[in-house]
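File shown: my_file_1.cif (mmCIF, C-alpha atoms).
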data_coords
#
loop_
_atom_site.group_PDB
_atom_site.id
_atom_site.type_symbol
_atom_site.label_atom_id
_atom_site.label_comp_id
_atom_site.auth_asym_id
_atom_site.auth_seq_id
_atom_site.Cartn_x
_atom_site.Cartn_y
_atom_site.Cartn_z
ATOM 1 C CA MET A 1 18.357 15.735 41.976
ATOM 2 C CA PHE A 2 21.081 14.549 39.629
ATOM 3 C CA ASP A 3 21.194 11.236 41.504
ATOM 4 C CA ASP A 4 17.496 10.772 40.746
ATOM 5 C CA ILE A 5 17.844 11.267 37.008
ATOM 6 C CA LYS A 6 21.235 9.584 36.637
ATOM 7 C CA PRO A 7 19.751 6.067 36.192
ATOM 8 C CA HIS A 8 17.454 7.443 33.467
ATOM 9 C CA LEU A 9 20.404 9.044 31.689
ATOM 10 C CA VAL A 10 22.322 5.769 31.829
ATOM 11 C CA GLU A 11 19.319 3.927 30.407
ATOM 12 C CA LEU A 12 18.871 6.582 27.708
ATOM 13 C CA ARG A 13 22.526 6.287 26.715
ATOM 14 C CA LYS A 14 22.136 2.526 26.476
ATOM 15 C CA ARG A 15 19.058 2.752 24.245
ATOM 16 C CA LEU A 16 20.634 5.412 22.041
ATOM 17 C CA GLY A 17 23.769 3.289 21.728
ATOM 18 C CA ILE A 18 21.807 0.234 20.591
ATOM 19 C CA SER A 19 19.779 2.338 18.133
ATOM 20 C CA PHE A 20 22.887 4.009 16.721
ATOM 21 C CA GLY A 21 24.698 0.679 16.481
ATOM 22 C CA SER A 22 21.837 -0.906 14.565
ATOM 23 C CA LEU A 23 21.786 2.105 12.248
ATOM 24 C CA ILE A 24 25.507 1.759 11.529
ATOM 25 C CA VAL A 25 25.183 -1.974 10.811
ATOM 26 C CA MET A 26 22.213 -1.401 8.501
ATOM 27 C CA PHE A 27 24.111 1.395 6.761
ATOM 28 C CA PHE A 28 26.930 -0.933 5.678
ATOM 29 C CA VAL A 29 24.405 -3.564 4.623
ATOM 30 C CA MET A 30 22.435 -1.057 2.561
ATOM 31 C CA PHE A 31 25.589 0.437 1.063
ATOM 32 C CA TYR A 32 26.298 -2.954 -0.487
ATOM 33 C CA PHE A 33 22.846 -2.820 -2.134
ATOM 34 C CA HIS A 34 22.806 0.907 -2.860
ATOM 35 C CA GLU A 35 22.602 0.506 -6.648
ATOM 36 C CA PRO A 36 19.262 -1.372 -6.766
ATOM 37 C CA ILE A 37 17.915 0.952 -4.062
ATOM 38 C CA LEU A 38 18.960 3.997 -6.101
ATOM 39 C CA ASN A 39 17.352 2.505 -9.214
ATOM 40 C CA TRP A 40 14.118 2.128 -7.239
ATOM 41 C CA MET A 41 14.335 5.730 -6.065
ATOM 42 C CA VAL A 42 15.037 7.123 -9.531
ATOM 43 C CA GLU A 43 12.275 5.161 -11.282
ATOM 44 C CA PRO A 44 9.583 7.879 -10.808
ATOM 45 C CA LEU A 45 12.017 10.446 -12.192
ATOM 46 C CA ASN A 46 12.872 8.301 -15.205
ATOM 47 C CA HIS A 47 9.163 7.823 -15.895
ATOM 48 C CA ALA A 48 8.641 11.602 -15.813
ATOM 49 C CA LEU A 49 11.590 12.140 -18.178
ATOM 50 C CA ILE A 50 10.138 9.575 -20.589
ATOM 51 C CA GLU A 51 6.894 11.547 -20.559
ATOM 52 C CA VAL A 52 8.913 14.649 -21.428
ATOM 53 C CA GLY A 53 10.288 12.872 -24.488
ATOM 54 C CA LYS A 54 6.781 11.945 -25.572
ATOM 55 C CA LYS A 55 5.217 15.369 -25.076
ATOM 56 C CA SER A 56 8.038 17.675 -26.162
ATOM 57 C CA VAL A 57 8.679 16.736 -29.766
ATOM 58 C CA HIS A 58 11.009 19.655 -30.433
ATOM 59 C CA ALA A 59 13.051 19.351 -27.258
ATOM 60 C CA ALA A 60 15.785 16.910 -26.316
ATOM 61 C CA ASP A 61 15.083 14.184 -23.785
ATOM 62 C CA GLY A 62 15.786 15.067 -20.174
ATOM 63 C CA MET A 63 18.835 13.739 -18.369
ATOM 64 C CA VAL A 64 19.913 12.885 -14.828
ATOM 65 C CA THR A 65 23.272 14.520 -14.141
ATOM 66 C CA THR A 66 25.755 15.168 -11.349
ATOM 67 C CA SER A 67 27.527 18.469 -10.789
ATOM 68 C CA GLN A 68 30.077 17.390 -8.170
ATOM 69 C CA VAL A 69 33.355 15.526 -8.213
ATOM 70 C CA GLY A 70 32.521 12.318 -6.427
ATOM 71 C CA GLY A 71 28.814 13.129 -6.627
ATOM 72 C CA ALA A 72 27.904 9.499 -7.251
ATOM 73 C CA PHE A 73 29.703 8.464 -4.055
ATOM 74 C CA PHE A 74 27.867 11.025 -1.913
ATOM 75 C CA VAL A 75 24.583 9.968 -3.486
ATOM 76 C CA ALA A 76 25.370 6.362 -2.548
ATOM 77 C CA LEU A 77 25.942 7.496 1.050
ATOM 78 C CA LYS A 78 22.611 9.355 1.150
ATOM 79 C CA VAL A 79 20.756 6.414 -0.364
ATOM 80 C CA SER A 80 22.351 3.983 2.085
ATOM 81 C CA PHE A 81 21.523 6.192 5.061
ATOM 82 C CA PHE A 82 17.896 6.546 3.925
ATOM 83 C CA ALA A 83 17.554 2.777 3.541
ATOM 84 C CA ALA A 84 19.394 2.148 6.827
ATOM 85 C CA ILE A 85 16.873 4.210 8.791
ATOM 86 C CA MET A 86 14.018 2.223 7.292
ATOM 87 C CA GLY A 87 15.814 -1.063 7.956
ATOM 88 C CA ALA A 88 16.702 -0.177 11.548
ATOM 89 C CA LEU A 89 13.296 1.330 12.354
ATOM 90 C CA PRO A 90 11.943 -1.768 14.196
ATOM 91 C CA ILE A 91 15.002 -1.795 16.471
ATOM 92 C CA ILE A 92 14.796 1.966 17.065
ATOM 93 C CA LEU A 93 11.101 1.742 17.971
ATOM 94 C CA SER A 94 11.741 -1.186 20.290
ATOM 95 C CA GLN A 95 14.431 0.827 22.083
ATOM 96 C CA ILE A 96 12.070 3.772 22.475
ATOM 97 C CA TRP A 97 9.541 1.454 24.067
ATOM 98 C CA ALA A 98 12.190 -0.169 26.261
ATOM 99 C CA PHE A 99 13.150 3.284 27.581
ATOM 100 C CA ILE A 100 9.604 4.230 28.595
ATOM 101 C CA ALA A 101 8.479 0.735 29.659
ATOM 102 C CA PRO A 102 9.641 1.052 33.313
ATOM 103 C CA GLY A 103 7.061 3.810 33.798
ATOM 104 C CA LEU A 104 4.191 1.705 32.452
ATOM 105 C CA TYR A 105 1.913 -0.865 34.043
ATOM 106 C CA ALA A 106 2.528 -4.564 33.458
ATOM 107 C CA ASN A 107 -0.298 -4.871 30.907
ATOM 108 C CA GLU A 108 0.977 -1.799 29.039
ATOM 109 C CA LYS A 109 4.510 -3.191 28.801
ATOM 110 C CA LYS A 110 3.143 -6.078 26.744
ATOM 111 C CA MET A 111 2.218 -3.644 23.947
ATOM 112 C CA VAL A 112 5.813 -3.471 22.692
ATOM 113 C CA ILE A 113 5.175 -5.861 19.789
ATOM 114 C CA PRO A 114 2.063 -4.013 18.518
ATOM 115 C CA PHE A 115 3.922 -0.716 18.946
ATOM 116 C CA VAL A 116 6.954 -1.871 16.942
ATOM 117 C CA ILE A 117 4.961 -3.679 14.251
ATOM 118 C CA GLY A 118 2.366 -0.908 14.008
ATOM 119 C CA GLY A 119 4.953 1.880 13.879
ATOM 120 C CA THR A 120 7.041 0.106 11.232
ATOM 121 C CA THR A 121 3.973 -0.790 9.164
ATOM 122 C CA MET A 122 2.507 2.721 9.215
ATOM 123 C CA PHE A 123 5.866 4.240 8.291
ATOM 124 C CA GLY A 124 6.150 1.792 5.385
ATOM 125 C CA ILE A 125 2.592 2.547 4.243
ATOM 126 C CA GLY A 126 3.405 6.255 4.270
ATOM 127 C CA VAL A 127 6.533 5.720 2.176
ATOM 128 C CA LEU A 128 4.719 3.472 -0.322
ATOM 129 C CA PHE A 129 1.832 5.924 -0.598
ATOM 130 C CA ALA A 130 4.282 8.738 -1.337
ATOM 131 C CA TYR A 131 6.167 6.611 -3.861
ATOM 132 C CA TYR A 132 3.259 5.150 -5.813
ATOM 133 C CA VAL A 133 0.682 7.929 -5.515
ATOM 134 C CA VAL A 134 2.272 11.298 -4.769
ATOM 135 C CA THR A 135 5.584 11.289 -6.648
ATOM 136 C CA PRO A 136 4.165 10.155 -10.022
ATOM 137 C CA PHE A 137 1.711 13.069 -10.049
ATOM 138 C CA GLY A 138 4.173 15.583 -8.600
ATOM 139 C CA PHE A 139 7.182 14.725 -10.757
ATOM 140 C CA ASP A 140 5.177 14.404 -13.969
ATOM 141 C CA PHE A 141 3.684 17.845 -13.435
ATOM 142 C CA LEU A 142 6.847 19.625 -12.294
ATOM 143 C CA ILE A 143 9.193 18.135 -14.877
ATOM 144 C CA THR A 144 6.928 18.168 -17.923
ATOM 145 C CA PHE A 145 5.749 21.723 -17.237
ATOM 146 C CA GLY A 146 7.640 23.983 -19.619
ATOM 147 C CA SER A 147 9.562 21.076 -21.156
ATOM 148 C CA PHE A 148 8.539 22.213 -24.650
ATOM 149 C CA LYS A 149 10.942 25.136 -24.134
ATOM 150 C CA PHE A 150 13.605 23.732 -21.824
ATOM 151 C CA THR A 151 15.497 20.480 -21.549
ATOM 152 C CA PRO A 152 15.279 19.150 -17.971
ATOM 153 C CA LEU A 153 18.719 18.326 -16.569
ATOM 154 C CA ILE A 154 18.055 16.881 -13.124
ATOM 155 C CA ASN A 155 20.856 16.991 -10.571
ATOM 156 C CA ILE A 156 20.923 13.585 -8.870
ATOM 157 C CA GLU A 157 22.167 15.006 -5.552
ATOM 158 C CA ASP A 158 19.243 17.443 -5.373
ATOM 159 C CA TYR A 159 16.795 14.764 -6.468
ATOM 160 C CA VAL A 160 17.855 12.248 -3.819
ATOM 161 C CA GLY A 161 17.592 14.904 -1.106
ATOM 162 C CA PHE A 162 14.169 15.958 -2.381
ATOM 163 C CA PHE A 163 12.999 12.351 -2.668
ATOM 164 C CA THR A 164 14.082 11.350 0.845
ATOM 165 C CA LYS A 165 12.435 14.484 2.265
ATOM 166 C CA ILE A 166 9.091 13.461 0.774
ATOM 167 C CA MET A 167 9.451 9.821 1.821
ATOM 168 C CA PHE A 168 10.381 10.651 5.407
ATOM 169 C CA GLY A 169 7.656 13.303 5.560
ATOM 170 C CA PHE A 170 4.934 10.845 4.576
ATOM 171 C CA GLY A 171 6.406 8.050 6.678
ATOM 172 C CA ILE A 172 6.436 10.175 9.836
ATOM 173 C CA ALA A 173 3.020 11.666 9.036
ATOM 174 C CA PHE A 174 1.466 8.211 8.820
ATOM 175 C CA GLU A 175 2.718 7.499 12.352
ATOM 176 C CA LEU A 176 -0.026 9.805 13.679
ATOM 177 C CA PRO A 177 -2.358 6.972 14.848
ATOM 178 C CA ILE A 178 0.571 5.261 16.598
ATOM 179 C CA PHE A 179 1.567 8.453 18.427
ATOM 180 C CA ALA A 180 -2.079 9.111 19.331
ATOM 181 C CA TYR A 181 -2.386 5.603 20.764
ATOM 182 C CA PHE A 182 0.852 6.032 22.710
ATOM 183 C CA PHE A 183 -0.138 9.384 24.276
ATOM 184 C CA ALA A 184 -3.640 8.107 25.052
ATOM 185 C CA LEU A 185 -2.141 5.044 26.732
ATOM 186 C CA LEU A 186 -0.091 7.335 28.981
ATOM 187 C CA GLY A 187 -3.165 9.436 29.715
ATOM 188 C CA PHE A 188 -1.855 12.599 28.073
ATOM 189 C CA ILE A 189 -4.802 12.987 25.676
ATOM 190 C CA ASN A 190 -8.373 11.789 25.289
ATOM 191 C CA ASP A 191 -10.848 11.851 22.413
ATOM 192 C CA LYS A 192 -12.347 15.156 23.585
ATOM 193 C CA ASN A 193 -8.926 16.833 23.421
ATOM 194 C CA MET A 194 -8.444 15.653 19.861
ATOM 195 C CA LYS A 195 -11.945 16.717 18.799
ATOM 196 C CA ASP A 196 -11.424 20.192 20.259
ATOM 197 C CA PHE A 197 -8.057 20.471 18.512
ATOM 198 C CA PHE A 198 -9.367 19.308 15.129
ATOM 199 C CA LYS A 199 -9.810 22.760 13.551
ATOM 200 C CA TYR A 200 -6.256 23.699 14.485
ATOM 201 C CA ALA A 201 -4.969 20.319 13.336
ATOM 202 C CA VAL A 202 -6.397 20.895 9.846
ATOM 203 C CA VAL A 203 -4.465 24.171 9.543
ATOM 204 C CA ILE A 204 -1.259 22.532 10.804
ATOM 205 C CA ILE A 205 -1.725 19.603 8.404
ATOM 206 C CA PHE A 206 -1.991 21.889 5.378
ATOM 207 C CA ILE A 207 1.058 23.889 6.515
ATOM 208 C CA VAL A 208 3.095 20.691 6.936
ATOM 209 C CA ALA A 209 1.870 19.419 3.560
ATOM 210 C CA ALA A 210 2.971 22.660 1.916
ATOM 211 C CA LEU A 211 6.449 22.346 3.446
ATOM 212 C CA LEU A 212 7.017 18.672 2.664
ATOM 213 C CA THR A 213 5.572 18.345 -0.829
ATOM 214 C CA PRO A 214 6.431 19.873 -4.205
ATOM 215 C CA PRO A 215 5.020 23.382 -4.699
ATOM 216 C CA ASP A 216 1.795 22.390 -6.420
ATOM 217 C CA VAL A 217 -1.722 22.099 -5.025
ATOM 218 C CA LEU A 218 -2.308 18.511 -6.189
ATOM 219 C CA THR A 219 0.497 16.886 -4.194
ATOM 220 C CA GLN A 220 -0.299 19.039 -1.152
ATOM 221 C CA LEU A 221 -3.874 17.732 -1.212
ATOM 222 C CA LEU A 222 -2.577 14.185 -1.681
ATOM 223 C CA MET A 223 -0.728 14.561 1.614
ATOM 224 C CA ALA A 224 -3.251 16.664 3.536
ATOM 225 C CA GLY A 225 -6.232 14.456 2.639
ATOM 226 C CA PRO A 226 -4.843 11.190 4.094
ATOM 227 C CA LEU A 227 -3.547 13.057 7.151
ATOM 228 C CA ILE A 228 -7.005 14.413 7.943
ATOM 229 C CA ILE A 229 -8.416 10.888 7.561
ATOM 230 C CA LEU A 230 -5.652 9.552 9.833
ATOM 231 C CA TYR A 231 -6.495 12.233 12.394
ATOM 232 C CA GLY A 232 -10.106 11.043 12.376
ATOM 233 C CA LEU A 233 -8.883 7.448 12.791
ATOM 234 C CA SER A 234 -6.701 8.602 15.686
ATOM 235 C CA ILE A 235 -9.757 10.067 17.431
ATOM 236 C CA LEU A 236 -11.473 6.670 17.242
ATOM 237 C CA ILE A 237 -8.351 4.923 18.587
ATOM 238 C CA VAL A 238 -8.020 7.380 21.462
ATOM 239 C CA ARG A 239 -11.730 6.983 22.266
ATOM 240 C CA VAL A 240 -11.148 3.260 22.794
ATOM 241 C CA VAL A 241 -7.863 3.635 24.718
ATOM 242 C CA ASN A 242 -8.618 6.718 26.852
ATOM 243 C CA PRO A 243 -12.150 8.066 26.426
ATOM 244 C CA ALA A 244 -13.099 11.402 27.946
ATOM 245 C CA SER A 245 -14.668 11.135 31.387
ATOM 246 C CA ASP A 246 -18.207 12.258 32.199
ATOM 247 C CA GLU A 247 -16.751 15.189 34.152
ATOM 248 C CA ASP A 248 -14.973 16.445 31.029
ATOM 249 C CA GLU A 249 -18.196 16.202 29.048
ATOM 250 C CA ASP A 250 -20.109 18.018 31.803
ATOM 251 C CA ASP A 251 -17.509 20.789 31.876
ATOM 252 C CA ASP A 252 -17.845 21.134 28.121
ATOM 253 C CA ASP A 253 -21.638 21.384 28.407
ATOM 254 C CA GLU A 254 -21.305 24.012 31.142
ATOM 255 C CA GLU A 255 -19.010 26.067 28.926
ATOM 256 C CA VAL A 256 -21.522 25.886 26.083
ATOM 257 C CA ASP A 257 -24.359 26.946 28.407
ATOM 258 C CA LEU A 258 -22.266 29.817 29.745
ATOM 259 C CA MET A 259 -21.502 31.058 26.245
ATOM 260 C CA SER A 260 -25.200 30.870 25.363
ATOM 261 C CA GLU A 261 -26.113 32.936 28.419
ATOM 262 C CA ILE A 262 -23.490 35.559 27.555
ATOM 263 C CA LYS A 263 -24.812 35.826 24.009
ATOM 264 C CA ALA A 264 -28.401 36.139 25.320
ATOM 265 C CA LEU A 265 -27.376 38.940 27.707
ATOM 266 C CA ASN A 266 -25.597 40.788 24.918
ATOM 267 C CA LYS A 267 -28.688 40.610 22.704
ATOM 268 C CA SER A 268 -30.975 41.835 25.526
ATOM 269 C CA SER A 269 -28.671 44.777 26.267
ATOM 270 C CA GLU A 270 -28.776 45.787 22.609
#
Would you mind writing the file out in structure tokens?
Amino acid sequence: MFDDIKPHLVELRKRLGISFGSLIVMFFVMFYFHEPILNWMVEPLNHALIEVGKKSVHAADGMVTTSQVGGAFFVALKVSFFAAIMGALPIILSQIWAFIAPGLYANEKKMVIPFVIGGTTMFGIGVLFAYYVVTPFGFDFLITFGSFKFTPLINIEDYVGFFTKIMFGFGIAFELPIFAYFFALLGFINDKNMKDFFKYAVVIIFIVAALLTPPDVLTQLLMAGPLIILYGLSILIVRVVNPASDEDEDDDDEEVDLMSEIKALNKSSE
């Protein structure tokens, strides 16, 4: 048995090595540019602090601080790692596809370019949506709330961790259509499966939104709303790639008829 999976383990090690190597290279590149990247990341926070100065006349302006010796250095490492993942994402996605490609048909193997471009694009759209739509609303609300009594002193280490969590959360969430296409291509799901799972998906989406966004209803809705729309888009994509067969539809109709008969019998017995 081990002899059967050994070639797959060797291939997996190769793909992981290339992905990790590209991540390391991108990390050193991004570390050189970490200051402009950090300025980009802190811009929503600075905007919120400016709003504090405008609204809280009797309070001092907020400040971005660090509470650790060498805090700025560790922040630079976090920023560089965040940017490195985004920079190396096309290579990582291509290695994922290269690992699974031997199990695909010849026409499916040609989808590597759409997979890499689509996955990178959707991740970028998710990050930009979080940056330009979600964080301005979330940070303005959270930081300005109560600022007439308290001076906000924002720890940069906590902020960078919080910021990257939101960015990665939205980036991964926006990969939903790509994952749906991938699983449909392999025959794991069809449009009927996704339709049947929709009511559960809505609950899961709101739970994920609550975990990944600031603790206010507005930003949770700003994440949950697009995810529900993306789920609907994924159903359409799966319908094109791997539509449900007539047998599945017939089975579904039989289940509905059976449930109707059971309900009718229950009413007659009453």
**OP:** Skip range 38-45 of chain A itself and residues of its chain fewer than 4 positions away, then list as a ChimeraX atom specification all residues within 7 Å of it, counting only C-alpha atoms.
**Re:** /A:34,49,79,135-136,139
Original post:
Skipping near chain neighbours, those fewer than 6 positions away, what residues fall within 12 Å of Met26 in chain A using only C-alpha atoms, listed as an MDAnalysis selection string?
Top reply: chainID A and resid 19:20 32:34 79:92
**OP:** Compile the contact shell of Lys109 in chain A as a PyMOL selection string: residues with an atom at most 12 Å away, counting only C-alpha atoms, same-chain residues fewer than 2 positions apart removed.
**Re:** chain A and resi 94+97-107+111-115+182+185-186
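Run against this file, the PyMOL selection byres ((chain A and resi 241) around 10) gives back Ala180, Tyr181, Phe182, Phe183, Ala184, Leu185, Leu186, Gly187, Ile189, Asn190, Asp191, Ile235, Leu236, Ile237, Val238, Arg239, Val240, Asn242, Pro243 and Ala244 of chain A.
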Original post:
Which is closer to Ala201 in chain A than all the others in A:Leu12, A:Val217, A:Ile228, A:Leu176, using only C-alpha atoms?
Top reply: A:Ile228
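Shortest separation to Lys165 in chain A among A:Gln95, A:Thr213, A:Val208, A:Gly21 occurs at residue A:Thr213, atoms counted being all atoms listed in the file.
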Original post:
Any chance you could work out the residue set of the PyMOL selection byres ((chain A and resi 67) around 10) here, as a PyMOL selection string?
Top reply: chain A and resi 65-66+68-72+154-158
Original post:
If you count only C-alpha atoms, which residues fall within 10 Å of Ala210 in chain A, apart from same-chain ones fewer than 6 positions away, as a PyMOL selection string?
Top reply: chain A and resi 204+216-217+219-221+223-224
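Atom pair CA of His47 in chain A / CA of Ala130 in chain A has a distance of 15.4 Å (rounded to one decimal).
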**OP:** Pick out the residues sitting within 9 Å of Leu227 in chain A, and hand them over as a PyMOL selection string; count only C-alpha atoms, and ignore anything fewer than 3 positions along from it in its own chain.
**Re:** chain A and resi 173-174+176+202+205+222-224+230-232
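Distance annotation: of A:Leu142, A:Ala76, A:Val29, A:Val127, the residue with the minimal separation from Phe168 in chain A is A:Val127; atom set is only C-alpha atoms.
CA of His8 in chain A is found 28.2 Å from CA of Phe27 in chain A.
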Original post:
For Phe179 in chain A, which residue out of A:Leu233, A:Val203, A:Leu212, A:Val134 is the nearest one, using only C-alpha atoms?
Top reply: A:Leu233
